[in-house]
Structure formats: structure tokens, C-alpha cells
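Have a look at target.tsv below; it lists TSV, C-alpha atoms.
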chain	number	residue	atom	x	y	z
A	1	MET	CA	0.00	0.00	0.00
A	2	LYS	CA	2.82	2.37	0.92
A	3	LYS	CA	4.59	1.77	-2.41
A	4	ASP	CA	1.37	2.31	-4.31
A	5	TYR	CA	0.75	5.56	-2.43
A	6	LEU	CA	4.28	6.83	-3.17
A	7	PHE	CA	3.93	5.92	-6.83
A	8	LYS	CA	0.67	7.87	-7.14
A	9	LEU	CA	2.22	10.83	-5.30
A	10	LEU	CA	5.17	10.88	-7.71
A	11	ILE	CA	2.78	10.85	-10.67
A	12	ILE	CA	0.85	13.83	-9.22
A	13	ILE	CA	4.07	15.78	-8.59
A	14	ALA	CA	5.31	15.05	-12.11
A	15	PHE	CA	1.98	16.21	-13.57
A	16	LEU	CA	2.01	19.44	-11.57
A	17	PHE	CA	5.60	20.15	-12.57
A	18	SER	CA	4.81	19.48	-16.23
A	19	SER	CA	1.75	21.76	-16.07
A	20	SER	CA	3.84	24.50	-14.45
A	21	VAL	CA	6.50	24.28	-17.14
A	22	GLN	CA	3.87	24.34	-19.90
A	23	GLY	CA	2.18	27.33	-18.29
A	24	GLU	CA	5.48	29.17	-18.08
A	25	LYS	CA	6.25	28.39	-21.71
A	26	GLN	CA	2.80	29.66	-22.72
A	27	ALA	CA	3.26	32.86	-20.71
A	28	ASN	CA	6.64	33.48	-22.34
A	29	LYS	CA	5.41	32.69	-25.85
A	30	ARG	CA	5.99	35.59	-28.20
A	31	VAL	CA	3.52	36.52	-30.89
A	32	ASP	CA	4.74	37.56	-34.34
A	33	TYR	CA	2.45	40.50	-35.09
A	34	HIS	CA	4.13	41.25	-38.42
A	35	TYR	CA	2.05	38.79	-40.46
A	36	LYS	CA	-1.17	40.25	-39.07
A	37	TYR	CA	-0.54	43.99	-39.13
A	38	GLN	CA	1.83	44.62	-42.02
A	39	PRO	CA	-0.76	43.60	-44.67
A	40	MET	CA	-3.32	45.85	-42.95
A	41	LEU	CA	-0.83	48.71	-43.03
A	42	ASP	CA	0.02	48.08	-46.70
A	43	ASN	CA	-3.68	48.11	-47.59
A	44	LEU	CA	-4.14	51.44	-45.82
A	45	ILE	CA	-2.05	53.27	-48.42
A	46	SER	CA	-4.10	54.85	-51.20
A	47	LYS	CA	-4.30	57.97	-53.33
A	48	HIS	CA	-5.60	59.72	-50.20
A	49	ILE	CA	-3.06	58.30	-47.70
A	50	PRO	CA	0.55	58.67	-48.90
A	51	GLY	CA	2.29	56.97	-45.99
A	52	ALA	CA	1.72	55.46	-42.55
A	53	VAL	CA	3.48	53.95	-39.53
A	54	LEU	CA	2.11	51.54	-36.93
A	55	LEU	CA	3.48	50.47	-33.55
A	56	VAL	CA	1.86	47.62	-31.60
A	57	GLU	CA	3.36	46.56	-28.27
A	58	SER	CA	2.05	44.09	-25.69
A	59	LYS	CA	3.29	41.57	-23.17
A	60	SER	CA	3.22	39.01	-25.99
A	61	GLY	CA	5.14	40.83	-28.68
A	62	CYS	CA	6.14	44.01	-30.47
A	63	TYR	CA	5.65	45.15	-34.06
A	64	ILE	CA	6.63	48.36	-35.77
A	65	GLY	CA	6.09	48.82	-39.48
A	66	SER	CA	5.68	51.41	-42.21
A	67	ALA	CA	4.17	51.65	-45.68
A	68	GLY	CA	3.92	54.15	-48.50
A	69	PHE	CA	5.95	57.34	-48.82
A	70	LYS	CA	7.10	60.10	-46.50
A	71	ASP	CA	7.87	62.33	-49.49
A	72	LEU	CA	5.60	62.24	-52.53
A	73	GLU	CA	7.84	64.28	-54.81
A	74	LYS	CA	11.03	62.29	-54.21
A	75	LYS	CA	9.19	59.01	-53.57
A	76	ARG	CA	11.13	58.36	-50.38
A	77	PRO	CA	9.69	55.36	-48.52
A	78	MET	CA	8.07	55.90	-45.14
A	79	THR	CA	10.28	54.76	-42.24
A	80	THR	CA	9.39	53.56	-38.76
A	81	ASP	CA	11.52	56.20	-37.01
A	82	VAL	CA	9.75	59.10	-38.70
A	83	VAL	CA	8.81	62.14	-36.59
A	84	ILE	CA	5.62	64.08	-37.31
A	85	PRO	CA	3.55	66.77	-35.58
A	86	ASN	CA	1.10	64.98	-33.28
A	87	GLY	CA	-1.75	67.49	-33.43
A	88	SER	CA	-4.21	67.20	-30.55
A	89	ALA	CA	-2.65	63.93	-29.39
A	90	GLY	CA	-0.08	66.28	-27.81
A	91	LYS	CA	-2.72	67.81	-25.53
A	92	LYS	CA	-1.84	65.19	-22.93
A	93	LEU	CA	1.64	66.73	-22.75
A	94	THR	CA	0.30	70.21	-21.94
A	95	ALA	CA	-2.16	68.74	-19.43
A	96	LEU	CA	0.63	66.70	-17.82
A	97	LEU	CA	2.80	69.77	-17.35
A	98	VAL	CA	-0.07	71.69	-15.74
A	99	ALA	CA	-0.87	68.75	-13.44
A	100	MET	CA	2.80	68.46	-12.43
A	101	LEU	CA	3.03	72.16	-11.62
A	102	ALA	CA	-0.22	71.93	-9.64
A	103	ASP	CA	1.24	69.01	-7.70
A	104	GLU	CA	4.24	71.19	-6.86
A	105	GLY	CA	2.02	74.07	-5.71
A	106	VAL	CA	3.19	76.37	-8.52
A	107	ILE	CA	-0.27	76.65	-10.03
A	108	SER	CA	-3.83	75.67	-9.09
A	109	LEU	CA	-6.10	73.54	-11.24
A	110	ASP	CA	-9.25	74.77	-9.51
A	111	ALA	CA	-8.65	78.46	-8.84
A	112	PRO	CA	-10.25	81.01	-11.20
A	113	ILE	CA	-7.93	81.83	-14.09
A	114	ASN	CA	-8.16	85.53	-13.21
A	115	GLN	CA	-5.40	84.78	-10.70
A	116	TYR	CA	-2.98	84.42	-13.60
A	117	LEU	CA	-4.13	86.82	-16.32
A	118	ASP	CA	-4.49	90.58	-16.64
A	119	SER	CA	-7.89	92.26	-16.68
A	120	GLN	CA	-7.48	93.49	-20.26
A	121	LEU	CA	-7.29	89.94	-21.62
A	122	LEU	CA	-9.89	88.57	-19.23
A	123	SER	CA	-12.43	91.18	-20.32
A	124	LYS	CA	-12.37	89.67	-23.83
A	125	ILE	CA	-13.28	86.15	-22.63
A	126	GLN	CA	-16.87	85.60	-21.54
A	127	TYR	CA	-17.20	84.03	-18.06
A	128	SER	CA	-13.42	84.17	-17.53
A	129	ASP	CA	-14.05	85.05	-13.88
A	130	LYS	CA	-15.63	81.62	-13.40
A	131	MET	CA	-13.22	79.49	-15.47
A	132	THR	CA	-10.54	77.25	-13.97
A	133	LEU	CA	-7.51	75.57	-15.51
A	134	ARG	CA	-9.11	72.19	-14.96
A	135	GLN	CA	-12.12	73.30	-17.01
A	136	LEU	CA	-9.88	74.55	-19.80
A	137	LEU	CA	-8.12	71.19	-19.91
A	138	ASN	CA	-11.19	68.92	-19.68
A	139	HIS	CA	-13.26	71.02	-22.13
A	140	THR	CA	-15.93	72.14	-19.66
A	141	SER	CA	-15.04	75.86	-19.73
A	142	GLY	CA	-17.40	76.70	-22.60
A	143	ILE	CA	-14.77	78.91	-24.27
A	144	PHE	CA	-15.26	79.61	-27.97
A	145	GLU	CA	-13.42	77.34	-30.43
A	146	TYR	CA	-11.00	79.46	-32.47
A	147	ASN	CA	-11.30	77.22	-35.56
A	148	ASP	CA	-14.97	78.27	-35.79
A	149	ALA	CA	-14.14	81.93	-36.43
A	150	GLY	CA	-15.15	82.99	-39.95
A	151	GLU	CA	-14.45	80.97	-43.10
A	152	TYR	CA	-11.07	79.34	-42.48
A	153	ASP	CA	-9.89	82.57	-40.83
A	154	PHE	CA	-7.34	80.83	-38.64
A	155	PHE	CA	-5.84	78.74	-41.45
A	156	LYS	CA	-5.66	81.76	-43.76
A	157	ALA	CA	-3.74	83.68	-41.11
A	158	GLN	CA	-1.58	80.65	-40.34
A	159	TYR	CA	-0.74	80.28	-44.04
A	160	ALA	CA	0.08	83.99	-44.36
A	161	LEU	CA	2.51	83.69	-41.42
A	162	LYS	CA	4.06	80.36	-42.45
A	163	ASP	CA	7.59	81.76	-42.11
A	164	LYS	CA	7.00	83.11	-38.59
A	165	VAL	CA	6.76	81.18	-35.32
A	166	THR	CA	3.38	81.68	-33.67
A	167	THR	CA	2.61	80.90	-30.02
A	168	ASP	CA	-0.59	80.58	-27.98
A	169	MET	CA	-1.75	84.18	-28.21
A	170	PHE	CA	-2.06	83.76	-31.98
A	171	PRO	CA	-4.88	81.16	-32.01
A	172	LEU	CA	-6.38	82.67	-28.84
A	173	SER	CA	-6.85	85.99	-30.64
A	174	PHE	CA	-9.47	84.37	-32.90
A	175	ALA	CA	-11.59	83.47	-29.86
A	176	LEU	CA	-11.53	86.82	-28.09
A	177	ASN	CA	-14.79	88.79	-27.84
A	178	GLN	CA	-16.71	85.73	-28.99
A	179	PRO	CA	-19.74	84.29	-27.14
A	180	ALA	CA	-19.13	81.26	-24.94
A	181	ASP	CA	-20.82	77.95	-25.75
A	182	PHE	CA	-22.09	77.73	-22.16
A	183	LYS	CA	-21.21	78.82	-18.64
A	184	PRO	CA	-18.16	77.07	-17.18
A	185	GLY	CA	-19.03	73.66	-15.74
A	186	GLU	CA	-22.42	73.46	-17.43
A	187	GLY	CA	-21.48	71.38	-20.46
A	188	HIS	CA	-18.72	69.69	-22.42
A	189	SER	CA	-17.47	70.99	-25.75
A	190	TYR	CA	-14.07	70.12	-27.20
A	191	SER	CA	-12.07	73.32	-27.55
A	192	ASN	CA	-8.53	73.91	-28.78
A	193	THR	CA	-8.88	77.41	-27.41
A	194	GLY	CA	-8.91	76.11	-23.83
A	195	TYR	CA	-5.44	74.65	-24.35
A	196	ALA	CA	-4.17	77.80	-26.04
A	197	LEU	CA	-5.36	79.83	-23.04
A	198	ALA	CA	-3.76	77.31	-20.67
A	199	GLY	CA	-0.53	77.83	-22.63
A	200	VAL	CA	-0.76	81.60	-22.15
A	201	ILE	CA	-1.21	81.04	-18.41
A	202	LEU	CA	1.77	78.66	-18.32
A	203	GLU	CA	3.99	81.16	-20.10
A	204	ARG	CA	3.05	83.94	-17.68
A	205	VAL	CA	3.54	81.73	-14.60
A	206	LEU	CA	6.82	80.22	-15.81
A	207	LYS	CA	8.04	83.45	-17.43
A	208	ALA	CA	9.15	81.34	-20.38
A	209	HIS	CA	7.58	79.30	-23.17
A	210	PRO	CA	6.25	76.00	-21.70
A	211	SER	CA	8.60	74.02	-23.94
A	212	LYS	CA	11.51	74.42	-21.53
A	213	ALA	CA	9.56	72.97	-18.58
A	214	ILE	CA	8.16	70.22	-20.83
A	215	ARG	CA	11.68	69.15	-21.79
A	216	ASN	CA	13.02	69.20	-18.25
A	217	LYS	CA	10.03	67.60	-16.54
A	218	VAL	CA	8.80	65.15	-19.18
A	219	LEU	CA	10.83	64.58	-22.35
A	220	LEU	CA	14.22	64.11	-20.68
A	221	PRO	CA	13.03	62.03	-17.69
A	222	LEU	CA	11.01	59.74	-19.98
A	223	ASN	CA	13.90	59.49	-22.44
A	224	MET	CA	11.74	60.73	-25.30
A	225	THR	CA	14.73	61.31	-27.56
A	226	SER	CA	12.76	61.80	-30.80
A	227	SER	CA	10.37	64.44	-29.47
A	228	TYR	CA	10.41	68.21	-29.32
A	229	SER	CA	8.15	71.23	-29.00
A	230	LYS	CA	7.72	72.30	-32.60
A	231	GLY	CA	8.48	75.84	-33.59
A	232	VAL	CA	10.61	76.72	-30.56
A	233	GLU	CA	13.03	73.79	-30.25
A	234	GLU	CA	15.47	72.43	-32.81
A	235	HIS	CA	13.60	70.20	-35.25
A	236	LYS	CA	15.83	67.17	-34.86
A	237	PRO	CA	15.02	64.66	-36.24
A	238	GLU	CA	13.44	66.68	-39.05
A	239	PRO	CA	9.69	66.07	-39.30
A	240	ALA	CA	8.27	64.24	-42.29
A	241	SER	CA	6.26	66.10	-44.87
A	242	GLY	CA	2.52	66.25	-44.30
A	243	PHE	CA	0.17	66.27	-47.27
A	244	PHE	CA	-3.16	67.99	-47.59
A	245	ILE	CA	-5.38	67.79	-50.65
A	246	ASN	CA	-8.41	70.02	-51.05
A	247	ASP	CA	-10.83	67.85	-53.01
A	248	GLU	CA	-14.09	69.21	-51.58
A	249	ASP	CA	-14.26	72.99	-51.19
A	250	PRO	CA	-13.64	75.49	-54.03
A	251	THR	CA	-13.67	78.37	-51.50
A	252	PHE	CA	-10.74	76.97	-49.50
A	253	PRO	CA	-7.57	79.13	-49.73
A	254	LEU	CA	-5.56	76.39	-51.53
A	255	PRO	CA	-6.04	75.10	-55.10
A	256	MET	CA	-8.38	72.17	-55.71
A	257	ASN	CA	-7.05	68.62	-56.16
A	258	VAL	CA	-3.36	69.46	-55.66
A	259	TRP	CA	-1.22	67.83	-52.96
A	260	PHE	CA	0.18	70.54	-50.71
A	261	ASP	CA	3.10	69.92	-48.32
A	262	THR	CA	2.15	71.51	-44.98
A	263	LYS	CA	5.38	70.82	-43.08
A	264	GLU	CA	6.62	74.42	-43.10
A	265	ILE	CA	3.27	75.79	-41.89
A	266	ILE	CA	2.64	73.29	-39.11
A	267	GLY	CA	6.27	73.35	-38.02
A	268	THR	CA	6.10	77.01	-37.02
A	269	THR	CA	3.06	76.74	-34.72
A	270	ALA	CA	4.35	76.49	-31.15
A	271	THR	CA	0.96	76.20	-29.46
A	272	SER	CA	-0.22	74.25	-26.43
A	273	ASP	CA	-3.22	72.64	-28.14
A	274	ALA	CA	-0.82	70.79	-30.49
A	275	PRO	CA	2.67	71.25	-29.04
A	276	LEU	CA	4.53	68.08	-29.95
A	277	ALA	CA	6.41	66.48	-32.82
A	278	SER	CA	7.27	62.90	-31.98
A	279	SER	CA	7.88	59.32	-33.13
A	280	VAL	CA	5.43	56.46	-32.60
A	281	ASN	CA	7.75	54.98	-29.96
A	282	ASP	CA	7.87	58.21	-27.96
A	283	MET	CA	4.11	58.76	-28.19
A	284	ALA	CA	3.44	55.27	-26.87
A	285	LYS	CA	5.94	55.86	-24.08
A	286	LEU	CA	4.20	59.09	-22.99
A	287	LEU	CA	0.67	57.70	-22.80
A	288	ARG	CA	1.81	54.55	-21.01
A	289	ALA	CA	3.73	56.65	-18.47
A	290	ILE	CA	0.61	58.67	-17.68
A	291	VAL	CA	-1.46	55.53	-17.08
A	292	VAL	CA	1.05	53.12	-15.46
A	293	ASP	CA	3.05	53.68	-12.24
A	294	ASN	CA	6.60	54.95	-12.81
A	295	ASN	CA	9.24	57.18	-11.22
A	296	VAL	CA	8.54	60.26	-13.36
A	297	ILE	CA	4.80	60.88	-12.90
A	298	SER	CA	3.49	60.83	-9.35
A	299	PRO	CA	0.28	59.02	-8.33
A	300	SER	CA	-1.35	62.34	-7.40
A	301	VAL	CA	-0.69	63.74	-10.89
A	302	ARG	CA	-2.15	60.57	-12.38
A	303	VAL	CA	-5.29	60.95	-10.24
A	304	ASP	CA	-5.73	64.54	-11.44
A	305	MET	CA	-5.40	63.46	-15.06
A	306	ILE	CA	-7.35	60.19	-15.23
A	307	GLY	CA	-8.70	59.45	-11.74
A	308	GLU	CA	-12.33	58.29	-11.76
A	309	ASP	CA	-13.51	61.28	-9.71
A	310	ASN	CA	-11.88	63.70	-12.16
A	311	LEU	CA	-13.40	62.33	-15.37
A	312	VAL	CA	-16.24	64.16	-17.11
A	313	GLU	CA	-18.78	62.68	-19.50
A	314	SER	CA	-17.70	63.46	-23.02
A	315	SER	CA	-18.67	63.46	-26.65
A	316	GLY	CA	-16.21	63.10	-29.49
A	317	PRO	CA	-14.35	60.48	-31.55
A	318	ARG	CA	-15.14	57.35	-29.55
A	319	PHE	CA	-14.27	53.95	-31.05
A	320	TYR	CA	-17.38	52.05	-29.84
A	321	PRO	CA	-20.85	53.64	-30.23
A	322	SER	CA	-22.25	52.27	-26.95
A	323	SER	CA	-19.18	52.83	-24.77
A	324	ASP	CA	-19.07	54.90	-21.62
A	325	PHE	CA	-16.98	57.84	-22.74
A	326	TYR	CA	-15.10	60.29	-20.52
A	327	TYR	CA	-12.45	62.98	-20.71
A	328	GLY	CA	-9.79	63.56	-18.10
A	329	LEU	CA	-7.00	66.05	-18.64
A	330	GLY	CA	-5.80	65.64	-22.22
A	331	ILE	CA	-6.95	62.01	-22.46
A	332	TRP	CA	-10.14	60.18	-23.39
A	333	VAL	CA	-11.14	57.19	-21.28
A	334	GLU	CA	-13.42	54.68	-22.96
A	335	LYS	CA	-15.14	51.75	-21.25
A	336	VAL	CA	-16.98	49.02	-23.15
A	337	ASN	CA	-18.00	45.46	-22.18
A	338	GLY	CA	-16.04	45.74	-18.95
A	339	LYS	CA	-12.86	46.80	-20.78
A	340	LYS	CA	-11.15	50.15	-20.33
A	341	PHE	CA	-8.67	51.90	-22.58
A	342	TYR	CA	-7.14	55.35	-22.96
A	343	HIS	CA	-6.60	57.33	-26.15
A	344	HIS	CA	-6.26	60.64	-27.92
A	345	GLY	CA	-5.85	61.25	-31.62
A	346	GLY	CA	-4.76	64.36	-33.42
A	347	THR	CA	-5.30	65.94	-36.82
A	348	GLU	CA	-3.59	68.86	-38.46
A	349	PHE	CA	-3.47	69.89	-42.09
A	350	GLY	CA	-1.36	67.09	-43.54
A	351	TYR	CA	-1.08	64.87	-40.45
A	352	PHE	CA	-3.17	62.33	-38.50
A	353	THR	CA	-2.08	60.49	-35.36
A	354	GLN	CA	-3.75	58.00	-33.05
A	355	ASN	CA	-2.43	56.97	-29.65
A	356	ILE	CA	-4.10	54.16	-27.60
A	357	TYR	CA	-3.20	52.28	-24.41
A	358	ILE	CA	-5.03	49.23	-23.00
A	359	PRO	CA	-3.96	48.37	-19.42
A	360	ASP	CA	-5.15	44.77	-19.68
A	361	GLY	CA	-2.26	43.16	-21.52
A	362	ASP	CA	-0.08	46.29	-21.38
A	363	ILE	CA	-0.99	47.08	-25.00
A	364	SER	CA	0.14	50.21	-26.85
A	365	ILE	CA	-1.18	51.08	-30.30
A	366	THR	CA	0.21	54.17	-32.01
A	367	ALA	CA	-0.34	55.04	-35.66
A	368	PHE	CA	0.69	57.91	-37.95
A	369	ALA	CA	-0.46	58.97	-41.41
A	370	ASN	CA	0.99	61.91	-43.32
A	371	CYS	CA	-2.37	63.23	-44.42
A	372	GLY	CA	-5.07	65.07	-42.48
A	373	VAL	CA	-8.14	67.32	-42.52
A	374	ASN	CA	-9.51	65.36	-45.46
A	375	ALA	CA	-12.55	63.11	-45.12
A	376	HIS	CA	-11.16	60.28	-47.26
A	377	CYS	CA	-7.94	60.19	-45.27
A	378	GLU	CA	-9.50	60.51	-41.85
A	379	GLU	CA	-12.33	58.00	-42.26
A	380	ARG	CA	-10.04	55.29	-43.63
A	381	PHE	CA	-7.34	55.93	-41.02
A	382	GLN	CA	-9.85	55.84	-38.17
A	383	ASP	CA	-11.29	52.57	-39.50
A	384	PHE	CA	-7.77	51.16	-39.66
A	385	THR	CA	-6.92	52.07	-36.07
A	386	PHE	CA	-10.25	50.64	-34.94
A	387	GLU	CA	-9.43	47.34	-36.66
A	388	VAL	CA	-6.10	47.17	-34.83
A	389	LEU	CA	-7.73	48.06	-31.50
A	390	ASP	CA	-10.54	45.55	-31.91
A	391	SER	CA	-8.09	42.80	-32.81
A	392	PHE	CA	-7.22	42.92	-29.09
A	393	LEU	CA	-10.61	43.75	-27.54
A	394	ASN	CA	-12.73	41.58	-29.88
A	395	ILE	CA	-15.89	43.58	-29.30
A	396	GLY	CA	-16.96	44.57	-32.80
A	397	ARG	CA	-18.08	47.85	-34.33
A	398	SER	CA	-21.74	47.42	-33.33
A	399	LYS	CA	-20.92	47.65	-29.62
Entire entry expressed as C-alpha cells:
Amino acid sequence: MKKDYLFKLLIIIAFLFSSSVQGEKQANKRVDYHYKYQPMLDNLISKHIPGAVLLVESKSGCYIGSAGFKDLEKKRPMTTDVVIPNGSAGKKLTALLVAMLADEGVISLDAPINQYLDSQLLSKIQYSDKMTLRQLLNHTSGIFEYNDAGEYDFFKAQYALKDKVTTDMFPLSFALNQPADFKPGEGHSYSNTGYALAGVILERVLKAHPSKAIRNKVLLPLNMTSSYSKGVEEHKPEPASGFFINDEDPTFPLPMNVWFDTKEIIGTTATSDAPLASSVNDMAKLLRAIVVDNNVISPSVRVDMIGEDNLVESSGPRFYPSSDFYYGLGIWVEKVNGKKFYHHGGTEFGYFTQNIYIPDGDISITAFANCGVNAHCEERFQDFTFEVLDSFLNIGRSK
């Protein structure tokens, strides 16, 4: 009986050991994403999308690929290390700097902005006596959107000043003496103006352009070596060309059906609503650092940016129609079928970026296209990034 018992015990131990080894092998198994995502990326390229880059990282594997061209005239292939202006995906960087300074006691997220601005400027902004920095950054201030002024007034002025660096007061000037969308705190309306005004406040508090503090507090500590504040820092690496084609509106200030390289225009706008030029690797690194514990961003800053109590119900470019959709500071938080993920895209004339992080599985998805502000480009690119996202979440477009 004793021998029989020992024999059975040895069999059980051997089985458990074998199961443990198999489980460890399964956990360490790497997935080759190339065969899945490179064909999708190749198929993205069309007459409306000259070039694109995709980064996918998870606990199971890493893929980075490119397709198409980064220069249409010289037919230079797109490369994975390309740097482009990130558009509104860079809002998280401005919001992060403000949250860091608030954590240090340099600035207050919840004090009225009249603590930081002169009465002459404040008098041109409706309800400025009731606005806070937090409301500017989570789009609940109600401030007028400067892109809505006139018929392409901002772009016309931007184009006319393409050889001159413009900072936050430039876009803000198009929103002055304009009616607010609502009283602060009484609604949610996405506004680039709120970030431009936050940038003006930062510059007055810091007595310098925010780019210096951004480099010292964020870019250097996170080792974001391919990122810079466009317009005011050295453009190294040089950004890729961005291509805009006007194929819809005869009244637009550029010729119809002609590819126009926007790099020189976008590269001179040093504004806080779209401050950053970056690579896909650096963008993924920034969003992950905001969401996941690390030595650069404190837990209290993280709570201010994406803590549950600091999220506001939002509208905007959600991926799933029935998701719960919120905005923190510079980041959208989307919840669907019990799954949560963080994201923020960005468009500028000639550029489109998308930046996504899924905590479950430690998954980063970052994509670039060198086209933007064109319906054909944007719809196809957004569908593409959704397909990549849903390949992990497996929820489907109807949800």
C-alpha cells in the first residue's frame, strides 16, 4: 500500500511540474504581429493616404512597421523612425505639465484663471471670472473654439505667417470677444482654445515658453529622444512632410485637387493645443507613463489626469458607439463590455495620429499617417486604427 501511495504521489508531482512548465512556456510565448498587421498597413495606403506607420506593443510581442511614402515628390519610402507633428494627441503633454506644476504648488487647477491673467485679456473672454484651468483642460469651460471663427480665418492667417513662429496668443486671438458655448461647468465641448489659453497662463507663470519645462520635466526624464516642441526647439530629427489635398471645397484658400506639403506651416506653430512632434515609440511611451506607475509621474498627478472622480462625460471620436466615454486632462477614457482603454488622436493639415493604451495586456497602439483634414484620409485611417484596437478587444463595431 505504501509503495502504491508513493507511486501515485510521484505521478501527481510530475503532472504538476509538467503543467507548471507548460504554463510558463505559454506565458513566455511571443507573438509575431508582423504577419497580421503589415498587410493591414500596406492596404491602408491609397491615393488619399501617402504613408503610414504603426506600432503595436504588448506583453506578448512588439511590431513596428511602415508603408507608403514620407515624401511624394522624391518618392522616399516611409520609415518607422519618422517624426511628425502629433496634433491634438499632444494635448496630454500640456495637461501633464499643468498637473505636475499643480502638484508642486506652482499653479492651481481649480482656482479662477483671473489669478494668472491681466484684466485686459480677461475682459475679452466671456465668463473668464468663473473658469478654472481644470475646465480649460477637460473642455468644460465653454470657451469659444478658435477654428470656428469665420471661413477658415485661422488657417488663412496661419498660411500667411508660415515663415514666422506663432505661439498661444495667436490662435487665442481668434476666440476673443466671442460668445461662450455655455457657462463654465455646465457642459462639455471640445475646444482647442482652452489649451491655447492654458498655454498663455503657463507662459506667464513660468516666465518662459512652456517648452523648456516640458523638456526638463517630461521629455528628458522619460527618455523621449525623438520628441520636441515644434516651432521653438530644434527640429531634430526633421519632421516628415505632411500632405493635404483640397478635393471638396472650391472656396478653400488652396487650389483644388493638388497635394500641398504643410510641413513648413505646421512646423512654425508652437501652441499648447498641439505642441509636440514625436515618433510612434515616444508617443506610446508618454501615454503609457501617464497611465502606469513609474518614477517620473506621481500618483497624485495621475489621479488629477485620469482618476475616476476627475473624469467628465464626453462626446467626441469614440471607437465604440455604446461605450461609456469620458475625458480627463488631455486624455479620453473609454469603457466598453467591462474593458477600459485610454486614447487621444490628433489631426492637423497634412497629419493624422492615433495613440491608444489598453492596461489589460499592457498594449500600446500608435499610428501615424501623413495626411489630415480630409474626409477620405480621416475615415479610412480611423477605421484602420479601430481594426487594430478591436483585434485585441474583440468587441466589434456594433458595440
Mind dumping a table of every segment 290-390 of chain A residue within 10 Å of segment 221-237 of chain A, with the nearest atom pair and its distance in Å to one decimal, using only C-alpha atoms, sorted by chain and rising number, as CSV?
residue,atom,partner,partner_atom,distance
A:Asn294,CA,A:Leu222,CA,9.7
A:Asn295,CA,A:Pro221,CA,8.9
A:Val296,CA,A:Pro221,CA,6.5
A:Ile297,CA,A:Leu222,CA,9.5
Write out as a PDB file with C-alpha atoms, in the frame of the given file which residues come within 9 Å of Ala367 of chain A when counting all atoms listed in the file, dropping same-chain ones fewer than 2 positions away.
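Result went into out_8.pdb, see below:
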ATOM      1  CA  ALA A  52       1.720  55.460 -42.550  1.00  0.00           C
ATOM      2  CA  VAL A  53       3.480  53.950 -39.530  1.00  0.00           C
ATOM      3  CA  LEU A  54       2.110  51.540 -36.930  1.00  0.00           C
ATOM      4  CA  LEU A  55       3.480  50.470 -33.550  1.00  0.00           C
ATOM      5  CA  VAL A  56       1.860  47.620 -31.600  1.00  0.00           C
ATOM      6  CA  VAL A 280       5.430  56.460 -32.600  1.00  0.00           C
ATOM      7  CA  PHE A 352      -3.170  62.330 -38.500  1.00  0.00           C
ATOM      8  CA  THR A 353      -2.080  60.490 -35.360  1.00  0.00           C
ATOM      9  CA  GLN A 354      -3.750  58.000 -33.050  1.00  0.00           C
ATOM     10  CA  ASN A 355      -2.430  56.970 -29.650  1.00  0.00           C
ATOM     11  CA  ILE A 356      -4.100  54.160 -27.600  1.00  0.00           C
ATOM     12  CA  ILE A 365      -1.180  51.080 -30.300  1.00  0.00           C
ATOM     13  CA  ALA A 369      -0.460  58.970 -41.410  1.00  0.00           C
ATOM     14  CA  PHE A 381      -7.340  55.930 -41.020  1.00  0.00           C
ATOM     15  CA  THR A 385      -6.920  52.070 -36.070  1.00  0.00           C
TER      16      THR A 385
END
Exercise. Go through A:Tyr146, A:Tyr351, A:Tyr37, A:Phe319 and flag the residue nearest Val336 of chain A, using only C-alpha atoms for the distances.
Key: A:Phe319
Quiz item: Which neighbours of Gly61 of chain A fall inside 9 Å, counting only C-alpha atoms, when residues of the same chain fewer than 5 positions from it are skipped, and could you give them as a PyMOL selection string?
Solution: chain A and resi 29-33+56
Quiz prompt | Which of A:Phe368, A:Ile358, A:Thr132, A:Asp304 sits closest to Leu389 of chain A [using only C-alpha atoms] | solution = A:Ile358
Exercise. Write out as a list in words which residues come within 12 Å of Ala289 of chain A when counting all atoms listed in the file, dropping same-chain ones fewer than 4 positions away.
Key: Lys92, Leu93, Leu96, Val218, Leu219, Pro221, Leu222, Asn223, Met224, Asp282, Met283, Ala284, Lys285, Asp293, Asn294, Asn295, Val296, Ile297, Ser298, Pro299, Val301, Arg302, Met305, Tyr342, Tyr357, Pro359, Asp362 and Ser364 of chain A
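Straight-line separation from atom CA of Gly68 of chain A to atom CA of Glu348 of chain A: 19.3 Å.
One distance worth recording is that between atom CA of Ser123 of chain A and atom CA of Asn177 of chain A, which is 8.2 Å.
Atom CA of Glu308 of chain A is positioned 16.9 Å from atom CA of Asp110 of chain A.
Using only C-alpha atoms, the residues found no farther than 9 Å from Ile265 of chain A, other than those of its own chain fewer than 4 positions away, are Gln158, Tyr159, Leu161, Lys162, Asp163, Lys164, Asp261, Thr269 and Phe349 of chain A.
Closest approach to Asn138 of chain A among A:Val165, A:Ile245, A:Ala95, A:Leu276 is made by A:Ala95 (distances from all atoms listed in the file).
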Self-check item: Shell of 12 Å around Leu172 of chain A, only C-alpha atoms, local chain residues under 2 positions omitted, as a PyMOL selection string
Solution: chain A and resi 121-122+124-125+143-149+154+166-170+174-178+191-201+271-273
